[in-house]
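Just query13.pdb here, PDB, C-alpha atoms:
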```pdb
MODEL        1
ATOM      1  CA  GLN A   1     -85.037  42.263-161.994
ATOM      2  CA  LEU A   2     -86.307  39.484-159.732
ATOM      3  CA  TYR A   3     -82.840  37.918-159.682
ATOM      4  CA  TYR A   4     -81.428  41.245-158.504
ATOM      5  CA  GLN A   5     -83.982  41.576-155.720
ATOM      6  CA  VAL A   6     -83.405  38.071-154.418
ATOM      7  CA  LEU A   7     -79.667  38.747-154.410
ATOM      8  CA  ASN A   8     -80.295  42.014-152.583
ATOM      9  CA  PHE A   9     -82.323  40.197-149.942
ATOM     10  CA  ALA A  10     -79.674  37.500-149.539
ATOM     11  CA  MET A  11     -76.976  40.161-149.121
ATOM     12  CA  ILE A  12     -78.912  41.779-146.292
ATOM     13  CA  VAL A  13     -79.426  38.498-144.485
ATOM     14  CA  SER A  14     -75.831  37.380-144.821
ATOM     15  CA  SER A  15     -74.485  40.780-143.726
ATOM     16  CA  ALA A  16     -76.613  40.603-140.586
ATOM     17  CA  LEU A  17     -75.340  37.101-139.918
ATOM     18  CA  MET A  18     -71.736  38.191-140.410
ATOM     19  CA  ILE A  19     -72.128  41.064-137.976
ATOM     20  CA  TRP A  20     -73.662  38.763-135.364
ATOM     21  CA  LYS A  21     -70.978  36.116-135.748
ATOM     22  CA  GLY A  22     -68.319  38.821-135.684
ATOM     23  CA  LEU A  23     -69.703  40.091-132.389
ATOM     24  CA  ILE A  24     -69.548  36.592-130.936
ATOM     25  CA  VAL A  25     -65.862  36.349-131.838
ATOM     26  CA  VAL A  26     -64.924  39.842-130.675
ATOM     27  CA  THR A  27     -66.640  39.567-127.299
ATOM     28  CA  GLY A  28     -65.787  35.952-126.649
ATOM     29  CA  SER A  29     -69.354  35.267-125.619
ATOM     30  CA  GLU A  30     -71.739  32.853-127.342
ATOM     31  CA  SER A  31     -74.512  35.354-126.735
ATOM     32  CA  PRO A  32     -73.081  38.878-126.668
ATOM     33  CA  ILE A  33     -76.439  40.608-126.484
ATOM     34  CA  VAL A  34     -79.117  39.372-124.090
ATOM     35  CA  VAL A  35     -82.518  40.621-123.001
ATOM     36  CA  VAL A  36     -83.343  40.855-119.304
ATOM     37  CA  LEU A  37     -86.258  38.513-118.705
ATOM     38  CA  SER A  38     -87.122  39.034-115.053
ATOM     39  CA  GLY A  39     -87.289  41.715-112.412
ATOM     40  CA  SER A  40     -84.708  40.120-110.150
ATOM     41  CA  MET A  41     -82.156  42.875-110.775
ATOM     42  CA  GLU A  42     -84.453  45.827-110.259
ATOM     43  CA  PRO A  43     -84.198  48.746-109.966
ATOM     44  CA  ALA A  44     -81.028  48.547-112.044
ATOM     45  CA  PHE A  45     -82.423  46.406-114.862
ATOM     46  CA  HIS A  46     -86.005  45.812-115.830
ATOM     47  CA  ARG A  47     -87.642  43.207-118.010
ATOM     48  CA  GLY A  48     -86.964  44.193-121.586
ATOM     49  CA  ASP A  49     -83.607  45.906-121.057
ATOM     50  CA  LEU A  50     -80.776  44.942-123.364
ATOM     51  CA  LEU A  51     -77.381  43.891-121.993
ATOM     52  CA  PHE A  52     -74.041  43.821-123.799
ATOM     53  CA  LEU A  53     -71.678  41.113-122.638
ATOM     54  CA  THR A  54     -68.038  40.176-122.943
ATOM     55  CA  ASN A  55     -66.567  36.872-121.918
ATOM     56  CA  PHE A  56     -62.790  37.129-122.099
ATOM     57  CA  HIS A  57     -61.096  34.092-120.686
ATOM     58  CA  HIS A  58     -58.425  35.991-118.794
ATOM     59  CA  ASP A  59     -60.947  38.323-117.151
ATOM     60  CA  PRO A  60     -61.208  37.183-113.549
ATOM     61  CA  ILE A  61     -64.603  36.829-111.919
ATOM     62  CA  ARG A  62     -64.823  39.236-109.003
ATOM     63  CA  ALA A  63     -67.408  40.078-106.368
ATOM     64  CA  GLY A  64     -69.792  42.806-107.462
ATOM     65  CA  GLU A  65     -69.717  41.952-111.155
ATOM     66  CA  ILE A  66     -72.916  41.301-113.009
ATOM     67  CA  VAL A  67     -72.703  37.980-114.800
ATOM     68  CA  VAL A  68     -75.029  36.170-117.156
ATOM     69  CA  PHE A  69     -74.976  32.439-116.591
ATOM     70  CA  LYS A  70     -76.852  29.313-117.540
ATOM     71  CA  VAL A  71     -77.616  26.547-115.087
ATOM     72  CA  GLU A  72     -76.451  23.193-116.407
ATOM     73  CA  GLY A  73     -79.234  21.600-118.351
ATOM     74  CA  ARG A  74     -81.329  24.742-118.662
ATOM     75  CA  ASP A  75     -81.462  27.118-121.576
ATOM     76  CA  ILE A  76     -82.511  30.305-119.883
ATOM     77  CA  PRO A  77     -79.743  32.813-119.195
ATOM     78  CA  ILE A  78     -79.899  34.428-115.762
ATOM     79  CA  VAL A  79     -78.517  37.883-115.037
ATOM     80  CA  HIS A  80     -77.381  38.304-111.417
ATOM     81  CA  ARG A  81     -74.542  39.716-109.340
ATOM     82  CA  VAL A  82     -71.553  37.788-107.958
ATOM     83  CA  ILE A  83     -71.521  37.967-104.172
ATOM     84  CA  LYS A  84     -68.926  35.359-103.213
ATOM     85  CA  VAL A  85     -65.745  34.251-104.918
ATOM     86  CA  HIS A  86     -63.301  31.523-103.903
ATOM     87  CA  GLU A  87     -60.367  31.156-106.270
ATOM     88  CA  LYS A  88     -57.591  28.593-105.987
ATOM     89  CA  GLU A  89     -54.008  29.211-106.930
ATOM     90  CA  ASN A  90     -54.386  27.239-110.139
ATOM     91  CA  GLY A  91     -57.131  29.563-111.314
ATOM     92  CA  ASN A  92     -60.108  27.345-110.456
ATOM     93  CA  ILE A  93     -62.927  29.613-109.438
ATOM     94  CA  LYS A  94     -66.207  28.894-107.734
ATOM     95  CA  PHE A  95     -68.652  31.681-107.096
ATOM     96  CA  LEU A  96     -72.136  32.421-105.795
ATOM     97  CA  THR A  97     -74.662  34.806-107.324
ATOM     98  CA  LYS A  98     -77.737  36.674-106.171
ATOM     99  CA  GLY A  99     -80.259  38.940-107.807
ATOM    100  CA  ASP A 100     -80.210  42.449-106.355
ATOM    101  CA  ASN A 101     -83.966  42.323-105.929
ATOM    102  CA  ASN A 102     -84.049  38.836-104.395
ATOM    103  CA  GLU A 103     -83.985  38.147-100.681
ATOM    104  CA  VAL A 104     -81.858  35.025-100.970
ATOM    105  CA  ASP A 105     -78.917  33.896-103.058
ATOM    106  CA  ASP A 106     -79.256  31.744-106.151
ATOM    107  CA  ARG A 107     -78.531  28.342-104.601
ATOM    108  CA  GLY A 108     -82.191  27.488-105.094
ATOM    109  CA  LEU A 109     -81.796  28.071-108.826
ATOM    110  CA  TYR A 110     -78.729  25.935-109.305
ATOM    111  CA  LYS A 111     -78.838  22.258-110.112
ATOM    112  CA  GLU A 112     -79.770  19.772-107.395
ATOM    113  CA  GLY A 113     -76.801  19.506-105.057
ATOM    114  CA  GLN A 114     -74.913  22.285-106.790
ATOM    115  CA  ASN A 115     -73.721  25.014-104.436
ATOM    116  CA  TRP A 116     -71.443  27.069-106.642
ATOM    117  CA  LEU A 117     -71.103  28.250-110.204
ATOM    118  CA  GLU A 118     -67.975  27.820-112.273
ATOM    119  CA  LYS A 119     -66.411  29.648-115.197
ATOM    120  CA  LYS A 120     -67.960  27.212-117.624
ATOM    121  CA  ASP A 121     -71.456  28.277-116.576
ATOM    122  CA  VAL A 122     -70.806  31.890-117.511
ATOM    123  CA  VAL A 123     -72.194  33.262-120.779
ATOM    124  CA  GLY A 124     -70.624  36.663-120.200
ATOM    125  CA  ARG A 125     -70.183  39.707-118.004
ATOM    126  CA  ALA A 126     -72.482  42.697-118.389
ATOM    127  CA  ARG A 127     -70.447  45.625-119.617
ATOM    128  CA  GLY A 128     -73.123  47.981-120.897
ATOM    129  CA  PHE A 129     -76.849  48.238-121.261
ATOM    130  CA  LEU A 130     -79.696  49.921-123.081
ATOM    131  CA  PRO A 131     -83.111  50.244-121.460
ATOM    132  CA  TYR A 132     -86.395  49.041-123.052
ATOM    133  CA  VAL A 133     -84.877  48.094-126.429
ATOM    134  CA  GLY A 134     -85.142  44.366-125.743
ATOM    135  CA  MET A 135     -88.903  44.552-125.296
ATOM    136  CA  VAL A 136     -89.307  43.718-128.971
ATOM    137  CA  THR A 137     -87.810  40.270-128.360
ATOM    138  CA  ILE A 138     -90.100  39.635-125.408
ATOM    139  CA  ILE A 139     -93.184  40.671-127.379
ATOM    140  CA  MET A 140     -92.147  38.422-130.241
ATOM    141  CA  ASN A 141     -91.786  35.515-127.820
ATOM    142  CA  ASP A 142     -95.075  36.071-126.073
ATOM    143  CA  TYR A 143     -97.075  36.800-129.207
ATOM    144  CA  PRO A 144     -95.682  34.655-132.044
ATOM    145  CA  LYS A 145     -98.268  36.082-134.441
ATOM    146  CA  PHE A 146     -96.546  39.422-134.037
ATOM    147  CA  LYS A 147     -93.225  37.853-134.987
ATOM    148  CA  TYR A 148     -94.615  36.316-138.183
ATOM    149  CA  ALA A 149     -96.379  39.551-139.099
ATOM    150  CA  LEU A 150     -93.154  41.493-138.623
ATOM    151  CA  LEU A 151     -91.162  39.044-140.729
ATOM    152  CA  ALA A 152     -93.811  39.091-143.448
ATOM    153  CA  VAL A 153     -93.822  42.887-143.586
ATOM    154  CA  MET A 154     -90.003  43.052-143.708
ATOM    155  CA  GLY A 155     -89.845  40.375-146.406
ATOM    156  CA  ALA A 156     -92.528  42.076-148.478
ATOM    157  CA  TYR A 157     -90.773  45.426-148.179
ATOM    158  CA  VAL A 158     -87.449  44.110-149.388
ATOM    159  CA  LEU A 159     -88.868  42.088-152.217
ATOM    160  CA  LEU A 160     -91.299  44.683-153.475
ATOM    161  CA  LYS A 161     -89.364  47.916-153.324
ATOM    162  CA  ARG A 162     -88.323  49.164-156.667
ATOM    163  CA  GLU A 163     -84.913  50.636-157.450
ATOM    164  CA  SER A 164     -85.567  54.063-158.935
TER     165      SER A 164
ATOM    166  CA  LEU B   1     -63.636  56.781 -96.189
ATOM    167  CA  ARG B   2     -63.373  55.375 -92.709
ATOM    168  CA  LYS B   3     -64.477  52.084 -91.266
ATOM    169  CA  ASN B   4     -64.268  50.735 -87.748
ATOM    170  CA  VAL B   5     -64.822  47.082 -87.238
ATOM    171  CA  GLU B   6     -65.154  44.563 -84.491
ATOM    172  CA  ASP B   7     -65.273  40.899 -85.258
ATOM    173  CA  PHE B   8     -65.024  37.327 -84.110
ATOM    174  CA  THR B   9     -65.471  33.877 -85.560
ATOM    175  CA  GLY B  10     -67.886  31.151 -84.583
ATOM    176  CA  PRO B  11     -67.119  27.447 -84.894
ATOM    177  CA  ARG B  12     -69.037  25.560 -87.521
ATOM    178  CA  GLU B  13     -68.573  21.992 -88.584
ATOM    179  CA  ARG B  14     -67.091  22.600 -91.935
ATOM    180  CA  SER B  15     -66.466  26.253 -92.568
ATOM    181  CA  ASP B  16     -65.535  29.235 -90.507
ATOM    182  CA  LEU B  17     -68.264  31.789 -90.059
ATOM    183  CA  GLY B  18     -67.157  35.335 -89.431
ATOM    184  CA  PHE B  19     -69.146  38.020 -87.685
ATOM    185  CA  VAL B  20     -68.285  41.589 -88.415
ATOM    186  CA  THR B  21     -69.854  44.817 -87.265
ATOM    187  CA  PHE B  22     -68.781  48.033 -88.883
ATOM    188  CA  ASP B  23     -69.240  51.738 -89.285
ATOM    189  CA  ILE B  24     -69.025  53.379 -92.673
ATOM    190  CA  SER B  25     -68.491  57.031 -93.249
ATOM    191  CA  ALA B  26     -68.078  57.927 -96.892
ATOM    192  CA  ASP B  27     -68.635  60.545 -99.505
ATOM    193  CA  ILE B  28     -69.269  59.052-102.903
ATOM    194  CA  LEU B  29     -67.820  61.544-105.317
ATOM    195  CA  HIS B  30     -66.631  61.540-108.875
ATOM    196  CA  GLY B  31     -62.945  61.467-109.772
ATOM    197  CA  GLU B  32     -60.562  64.234-108.841
ATOM    198  CA  LYS B  33     -62.990  67.069-109.358
ATOM    199  CA  MET B  34     -65.011  65.886-106.359
ATOM    200  CA  VAL B  35     -68.329  66.602-107.998
ATOM    201  CA  SER B  36     -71.384  64.513-107.400
ATOM    202  CA  ILE B  37     -71.162  61.116-109.004
ATOM    203  CA  PHE B  38     -74.807  61.416-109.986
ATOM    204  CA  ASP B  39     -74.353  63.077-113.368
ATOM    205  CA  TRP B  40     -77.009  63.194-116.095
ATOM    206  CA  ASN B  41     -76.450  59.589-117.069
ATOM    207  CA  VAL B  42     -76.323  57.953-113.637
ATOM    208  CA  LYS B  43     -79.504  56.178-112.566
ATOM    209  CA  GLN B  44     -78.281  54.595-109.367
ATOM    210  CA  LEU B  45     -75.290  53.179-107.534
ATOM    211  CA  PHE B  46     -75.096  49.661-106.202
ATOM    212  CA  LEU B  47     -72.785  49.836-103.191
ATOM    213  CA  TYR B  48     -71.259  46.790-101.585
ATOM    214  CA  LEU B  49     -68.808  46.097 -98.808
ATOM    215  CA  SER B  50     -66.622  43.130 -99.617
ATOM    216  CA  ALA B  51     -64.068  41.252 -97.583
ATOM    217  CA  GLU B  52     -61.029  40.008 -99.464
ATOM    218  CA  TYR B  53     -58.471  37.582 -98.076
ATOM    219  CA  SER B  54     -56.278  34.571 -98.816
ATOM    220  CA  THR B  55     -56.387  31.211 -97.127
ATOM    221  CA  LYS B  56     -54.575  27.912 -97.293
ATOM    222  CA  ASN B  57     -57.449  26.509 -99.333
ATOM    223  CA  ASN B  58     -57.923  29.363-101.727
ATOM    224  CA  ALA B  59     -55.509  31.951-103.092
ATOM    225  CA  LEU B  60     -58.258  34.569-103.294
ATOM    226  CA  ASN B  61     -61.557  34.871-101.494
ATOM    227  CA  GLN B  62     -64.073  37.653-101.845
ATOM    228  CA  VAL B  63     -67.262  37.763 -99.835
ATOM    229  CA  VAL B  64     -69.827  40.536-100.061
ATOM    230  CA  LEU B  65     -70.930  41.338 -96.523
ATOM    231  CA  TRP B  66     -73.360  44.129 -97.155
ATOM    232  CA  ASP B  67     -74.896  46.037-100.004
ATOM    233  CA  LYS B  68     -77.126  49.017-100.578
ATOM    234  CA  ILE B  69     -78.806  50.640-103.529
ATOM    235  CA  MET B  70     -78.335  54.392-103.704
ATOM    236  CA  LEU B  71     -80.812  56.007-106.057
ATOM    237  CA  ARG B  72     -80.358  59.241-107.915
ATOM    238  CA  GLY B  73     -81.449  61.915-105.490
ATOM    239  CA  ASP B  74     -80.300  60.060-102.382
ATOM    240  CA  ASN B  75     -77.681  61.695-100.210
ATOM    241  CA  PRO B  76     -74.245  60.659-101.494
ATOM    242  CA  ARG B  77     -72.889  60.950 -97.975
ATOM    243  CA  LEU B  78     -72.981  57.716 -96.010
ATOM    244  CA  SER B  79     -72.807  57.687 -92.280
ATOM    245  CA  LEU B  80     -73.684  54.275 -90.938
ATOM    246  CA  LYS B  81     -72.884  53.036 -87.476
ATOM    247  CA  ASP B  82     -72.914  49.607 -85.882
ATOM    248  CA  MET B  83     -73.984  47.801 -89.003
ATOM    249  CA  LYS B  84     -74.118  44.036 -89.016
ATOM    250  CA  SER B  85     -73.259  42.148 -92.146
ATOM    251  CA  LYS B  86     -76.293  41.410 -94.299
ATOM    252  CA  TYR B  87     -74.956  38.120 -95.575
ATOM    253  CA  PHE B  88     -73.304  35.226 -93.814
ATOM    254  CA  PHE B  89     -69.537  35.500 -93.924
ATOM    255  CA  PHE B  90     -68.745  31.834 -94.537
ATOM    256  CA  ASP B  91     -65.280  30.854 -95.555
ATOM    257  CA  ASP B  92     -64.711  27.915 -97.873
ATOM    258  CA  GLY B  93     -62.870  26.029 -95.169
ATOM    259  CA  ASN B  94     -61.311  27.240 -91.965
ATOM    260  CA  GLY B  95     -59.333  30.148 -93.241
ATOM    261  CA  LEU B  96     -60.770  32.916 -91.077
ATOM    262  CA  LYS B  97     -59.364  31.753 -87.770
ATOM    263  CA  GLY B  98     -56.177  33.624 -87.091
ATOM    264  CA  ASN B  99     -56.275  35.378 -90.446
ATOM    265  CA  ARG B 100     -54.628  38.725 -89.997
ATOM    266  CA  ASN B 101     -55.085  39.946 -93.508
ATOM    267  CA  VAL B 102     -58.770  40.313 -94.203
ATOM    268  CA  THR B 103     -59.373  43.552 -96.068
ATOM    269  CA  LEU B 104     -62.738  45.285 -96.221
ATOM    270  CA  THR B 105     -63.348  47.515 -99.201
ATOM    271  CA  LEU B 106     -66.323  49.580-100.251
ATOM    272  CA  SER B 107     -67.037  49.451-103.982
ATOM    273  CA  TRP B 108     -69.892  50.410-106.215
ATOM    274  CA  ASN B 109     -71.428  49.610-109.551
ATOM    275  CA  VAL B 110     -72.480  52.692-111.471
ATOM    276  CA  VAL B 111     -75.752  51.977-113.286
ATOM    277  CA  PRO B 112     -76.285  54.510-116.087
ATOM    278  CA  ASN B 113     -79.541  55.376-117.810
ATOM    279  CA  ALA B 114     -77.886  53.803-120.817
ATOM    280  CA  GLY B 115     -74.318  52.813-121.567
ATOM    281  CA  ILE B 116     -71.331  51.283-119.840
ATOM    282  CA  LEU B 117     -71.571  49.658-116.390
ATOM    283  CA  PRO B 118     -68.354  50.419-114.521
ATOM    284  CA  LEU B 119     -67.290  48.957-111.186
ATOM    285  CA  VAL B 120     -65.463  51.423-108.994
ATOM    286  CA  THR B 121     -63.515  50.650-105.854
ATOM    287  CA  GLY B 122     -63.479  53.284-103.171
ATOM    288  CA  SER B 123     -60.194  54.535-101.834
ATOM    289  CA  GLY B 124     -59.475  53.620 -98.267
ATOM    290  CA  HIS B 125     -59.801  50.092 -97.053
ATOM    291  CA  VAL B 126     -59.605  48.558 -93.639
ATOM    292  CA  SER B 127     -57.766  45.476 -92.531
ATOM    293  CA  VAL B 128     -59.639  43.241 -90.130
ATOM    294  CA  PRO B 129     -57.547  40.715 -88.227
ATOM    295  CA  PHE B 130     -59.497  37.699 -87.049
ATOM    296  CA  PRO B 131     -58.635  36.236 -83.657
ATOM    297  CA  ASP B 132     -56.886  32.910 -83.240
ATOM    298  CA  THR B 133     -59.652  31.350 -81.252
ATOM    299  CA  TYR B 134     -63.308  30.730 -81.779
ATOM    300  CA  GLU B 135     -65.924  32.473 -79.688
ATOM    301  CA  ILE B 136     -68.741  30.390 -78.382
ATOM    302  CA  THR B 137     -72.166  31.992 -78.476
ATOM    303  CA  LYS B 138     -71.901  35.724 -78.588
ATOM    304  CA  ASN B 139     -74.944  37.905 -78.959
ATOM    305  CA  TYR B 140     -74.952  38.997 -82.564
TER     306      TYR B 140
ENDMDL
END
```
As structure tokens, what does this structure read like?
Amino acid sequence: QLYYQVLNFAMIVSSALMIWKGLIVVTGSESPIVVVLSGSMEPAFHRGDLLFLTNFHHDPIRAGEIVVFKVEGRDIPIVHRVIKVHEKENGNIKFLTKGDNNEVDDRGLYKEGQNWLEKKDVVGRARGFLPYVGMVTIIMNDYPKFKYALLAVMGAYVLLKRES
Amino acid sequence: LRKNVEDFTGPRERSDLGFVTFDISADILHGEKMVSIFDWNVKQLFLYLSAEYSTKNNALNQVVLWDKIMLRGDNPRLSLKDMKSKYFFFDDGNGLKGNRNVTLTLSWNVVPNAGILPLVTGSGHVSVPFPDTYEITKNY
């Protein structure tokens, strides 16, 4: 009986992992679902909204698109809009971003001396979104005790439920 | 969708800087049925006026000159006159001088309450030819 329950638990975990990895492949983005962390894109997106991204290589970067990017050397993804694009004939693109709710463009956020972003900095393009749903992630980050409690409850539920 | 523009370029050490003033008169409507674009799932529109052109340096350049957030409940009819660009129209190089083929287009990002985020380009765009010479100090 215990053997069965452990197997059951392992199945659930590996299915979740497969779905996540599958999403990464299908969307082409290393992080196909991100949570909005700041208010710099208000009133469109608020802290806690969930964004769905794609990152297809042949998709050109165009002004007006909402991109999620990471500044070289930093881990935090930033969600802002592309306001300038300069593309060379060979496909090399450099672009500038700005948060809708910010007064100035993002040059202050880029690396020292960096004036433009390139394709390699892009995590993905925002294609769809769900409001509020990402709040759970933010709460779990700000209150780690909540995260452990949640995991403990989920683990206990799976291990203790009886098959009738 | 109609736009009237007047423009000139100013000399800068490294890149051309364009100055554009424009009028916009537009009705933001939905598809062929011409109903309001603000249906039950539309929270707001992010409108932006972008200039698109080619230069010797770059095959494609797009610069957003102006943007506006139109919230649900706002009048979908735009009638703006004598607007100055909100953002500096810098080229990556000197490609604005004498460029006859700079196209201004009005587009918008539909932000739903939940769901897909489409980018729509308005019909009707205006070509802005830039003069061959630089203007020195004009009141902008």
Note to self: So the first atom is CA of Gly73 in chain B and the second is CA of Val42 in chain B; what is the distance between them in Å, to one decimal place?
What the structure shows: 10.4 Å
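Atom to atom, CA of Arg125 in chain A and CA of Leu53 in chain A stand 5.1 Å apart.
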Polymer residues at most 9 Å from His46 in chain A, all atoms listed in the file, same-chain spacing of 3 or more positions, as a PDB file with C-alpha atoms, in the frame of the given file:
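And here is the file that came out, around-v2.pdb:
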```pdb
ATOM      1  CA  VAL A  36     -83.343  40.855-119.304  1.00  0.00           C
ATOM      2  CA  LEU A  37     -86.258  38.513-118.705  1.00  0.00           C
ATOM      3  CA  SER A  38     -87.122  39.034-115.053  1.00  0.00           C
ATOM      4  CA  GLY A  39     -87.289  41.715-112.412  1.00  0.00           C
ATOM      5  CA  SER A  40     -84.708  40.120-110.150  1.00  0.00           C
ATOM      6  CA  MET A  41     -82.156  42.875-110.775  1.00  0.00           C
ATOM      7  CA  GLU A  42     -84.453  45.827-110.259  1.00  0.00           C
ATOM      8  CA  PRO A  43     -84.198  48.746-109.966  1.00  0.00           C
ATOM      9  CA  ASP A  49     -83.607  45.906-121.057  1.00  0.00           C
ATOM     10  CA  PRO A 131     -83.111  50.244-121.460  1.00  0.00           C
ATOM     11  CA  TYR A 132     -86.395  49.041-123.052  1.00  0.00           C
TER      12      TYR A 132
END
```
Check: Hey, which of B:Ser107, B:Asn41, B:Ser25, B:Ser79 ends up closest to chain A? Count only C-alpha atoms.
Finding: B:Ser107
Next item on the list: Run the PyMOL selection byres ((chain A) within 7 of (chain B)) against the file shown and list the residues it catches, as a VMD selection string.
Entry: chain A and resid 44 63 83 to 89 127 to 131
Please save C-alpha atoms of the selected residues as a short mmCIF file (atom, residue, chain, number, x, y, z; two decimals), in the frame of the given file.
```cif
data_model
loop_
_atom_site.label_atom_id
_atom_site.label_comp_id
_atom_site.auth_asym_id
_atom_site.auth_seq_id
_atom_site.Cartn_x
_atom_site.Cartn_y
_atom_site.Cartn_z
CA ALA A 44 -81.03 48.55 -112.04
CA ALA A 63 -67.41 40.08 -106.37
CA ILE A 83 -71.52 37.97 -104.17
CA LYS A 84 -68.93 35.36 -103.21
CA VAL A 85 -65.74 34.25 -104.92
CA HIS A 86 -63.30 31.52 -103.90
CA GLU A 87 -60.37 31.16 -106.27
CA LYS A 88 -57.59 28.59 -105.99
CA GLU A 89 -54.01 29.21 -106.93
CA ARG A 127 -70.45 45.62 -119.62
CA GLY A 128 -73.12 47.98 -120.90
CA PHE A 129 -76.85 48.24 -121.26
CA LEU A 130 -79.70 49.92 -123.08
CA PRO A 131 -83.11 50.24 -121.46
#
```
Starting from the sparse input, extend range 116-122 of chain A to all heavy atoms and give the output as a PDB file, keeping the file's coordinate frame.
```
ATOM      1  N   TRP A 116     -72.242  25.994-106.072  1.00  0.00           N
ATOM      2  CA  TRP A 116     -71.443  27.069-106.642  1.00  0.00           C
ATOM      3  C   TRP A 116     -71.514  27.038-108.161  1.00  0.00           C
ATOM      4  O   TRP A 116     -71.766  26.020-108.771  1.00  0.00           O
ATOM      5  CB  TRP A 116     -69.971  26.908-106.244  1.00  0.00           C
ATOM      6  CG  TRP A 116     -69.734  26.863-104.795  1.00  0.00           C
ATOM      7  CD1 TRP A 116     -69.654  25.764-104.012  1.00  0.00           C
ATOM      8  CD2 TRP A 116     -69.532  27.973-103.919  1.00  0.00           C
ATOM      9  NE1 TRP A 116     -69.417  26.109-102.722  1.00  0.00           N
ATOM     10  CE2 TRP A 116     -69.336  27.450-102.620  1.00  0.00           C
ATOM     11  CE3 TRP A 116     -69.493  29.360-104.109  1.00  0.00           C
ATOM     12  CZ2 TRP A 116     -69.113  28.277-101.518  1.00  0.00           C
ATOM     13  CZ3 TRP A 116     -69.264  30.171-103.006  1.00  0.00           C
ATOM     14  CH2 TRP A 116     -69.076  29.628-101.727  1.00  0.00           C
ATOM     15  N   LEU A 117     -71.218  28.190-108.761  1.00  0.00           N
ATOM     16  CA  LEU A 117     -71.103  28.250-110.204  1.00  0.00           C
ATOM     17  C   LEU A 117     -69.634  28.241-110.565  1.00  0.00           C
ATOM     18  O   LEU A 117     -68.793  28.633-109.769  1.00  0.00           O
ATOM     19  CB  LEU A 117     -71.726  29.549-110.740  1.00  0.00           C
ATOM     20  CG  LEU A 117     -73.233  29.660-110.724  1.00  0.00           C
ATOM     21  CD1 LEU A 117     -73.646  31.021-111.228  1.00  0.00           C
ATOM     22  CD2 LEU A 117     -73.859  28.578-111.597  1.00  0.00           C
ATOM     23  N   GLU A 118     -69.354  27.786-111.803  1.00  0.00           N
ATOM     24  CA  GLU A 118     -67.975  27.820-112.273  1.00  0.00           C
ATOM     25  C   GLU A 118     -67.878  28.595-113.567  1.00  0.00           C
ATOM     26  O   GLU A 118     -68.879  28.901-114.192  1.00  0.00           O
ATOM     27  CB  GLU A 118     -67.468  26.394-112.487  1.00  0.00           C
ATOM     28  CG  GLU A 118     -67.298  25.631-111.204  1.00  0.00           C
ATOM     29  CD  GLU A 118     -67.199  24.133-111.472  1.00  0.00           C
ATOM     30  OE1 GLU A 118     -66.755  23.770-112.570  1.00  0.00           O
ATOM     31  OE2 GLU A 118     -67.590  23.357-110.597  1.00  0.00           O
ATOM     32  N   LYS A 119     -66.632  28.860-113.983  1.00  0.00           N
ATOM     33  CA  LYS A 119     -66.411  29.648-115.197  1.00  0.00           C
ATOM     34  C   LYS A 119     -67.187  29.106-116.381  1.00  0.00           C
ATOM     35  O   LYS A 119     -67.656  29.853-117.230  1.00  0.00           O
ATOM     36  CB  LYS A 119     -64.919  29.652-115.542  1.00  0.00           C
ATOM     37  CG  LYS A 119     -64.284  30.986-115.302  1.00  0.00           C
ATOM     38  CD  LYS A 119     -62.918  31.071-115.948  1.00  0.00           C
ATOM     39  CE  LYS A 119     -61.931  31.591-114.940  1.00  0.00           C
ATOM     40  NZ  LYS A 119     -60.556  31.416-115.232  1.00  0.00           N
ATOM     41  N   LYS A 120     -67.323  27.804-116.451  1.00  0.00           N
ATOM     42  CA  LYS A 120     -67.960  27.212-117.624  1.00  0.00           C
ATOM     43  C   LYS A 120     -69.457  27.532-117.705  1.00  0.00           C
ATOM     44  O   LYS A 120     -70.065  27.413-118.753  1.00  0.00           O
ATOM     45  CB  LYS A 120     -67.768  25.691-117.626  1.00  0.00           C
ATOM     46  CG  LYS A 120     -68.447  25.007-116.448  1.00  0.00           C
ATOM     47  CD  LYS A 120     -68.339  23.493-116.592  1.00  0.00           C
ATOM     48  CE  LYS A 120     -68.922  22.721-115.431  1.00  0.00           C
ATOM     49  NZ  LYS A 120     -70.308  22.985-115.112  1.00  0.00           N
ATOM     50  N   ASP A 121     -70.031  27.954-116.563  1.00  0.00           N
ATOM     51  CA  ASP A 121     -71.456  28.277-116.576  1.00  0.00           C
ATOM     52  C   ASP A 121     -71.720  29.694-117.071  1.00  0.00           C
ATOM     53  O   ASP A 121     -72.871  30.067-117.294  1.00  0.00           O
ATOM     54  CB  ASP A 121     -72.042  28.136-115.163  1.00  0.00           C
ATOM     55  CG  ASP A 121     -71.882  26.726-114.622  1.00  0.00           C
ATOM     56  OD1 ASP A 121     -72.258  25.785-115.352  1.00  0.00           O
ATOM     57  OD2 ASP A 121     -71.388  26.573-113.499  1.00  0.00           O
ATOM     58  N   VAL A 122     -70.638  30.472-117.198  1.00  0.00           N
ATOM     59  CA  VAL A 122     -70.806  31.890-117.511  1.00  0.00           C
ATOM     60  C   VAL A 122     -70.966  32.119-119.009  1.00  0.00           C
ATOM     61  O   VAL A 122     -70.181  31.640-119.812  1.00  0.00           O
ATOM     62  CB  VAL A 122     -69.576  32.685-117.002  1.00  0.00           C
ATOM     63  CG1 VAL A 122     -69.652  34.128-117.445  1.00  0.00           C
ATOM     64  CG2 VAL A 122     -69.507  32.601-115.498  1.00  0.00           C
TER      65      VAL A 122
END
```
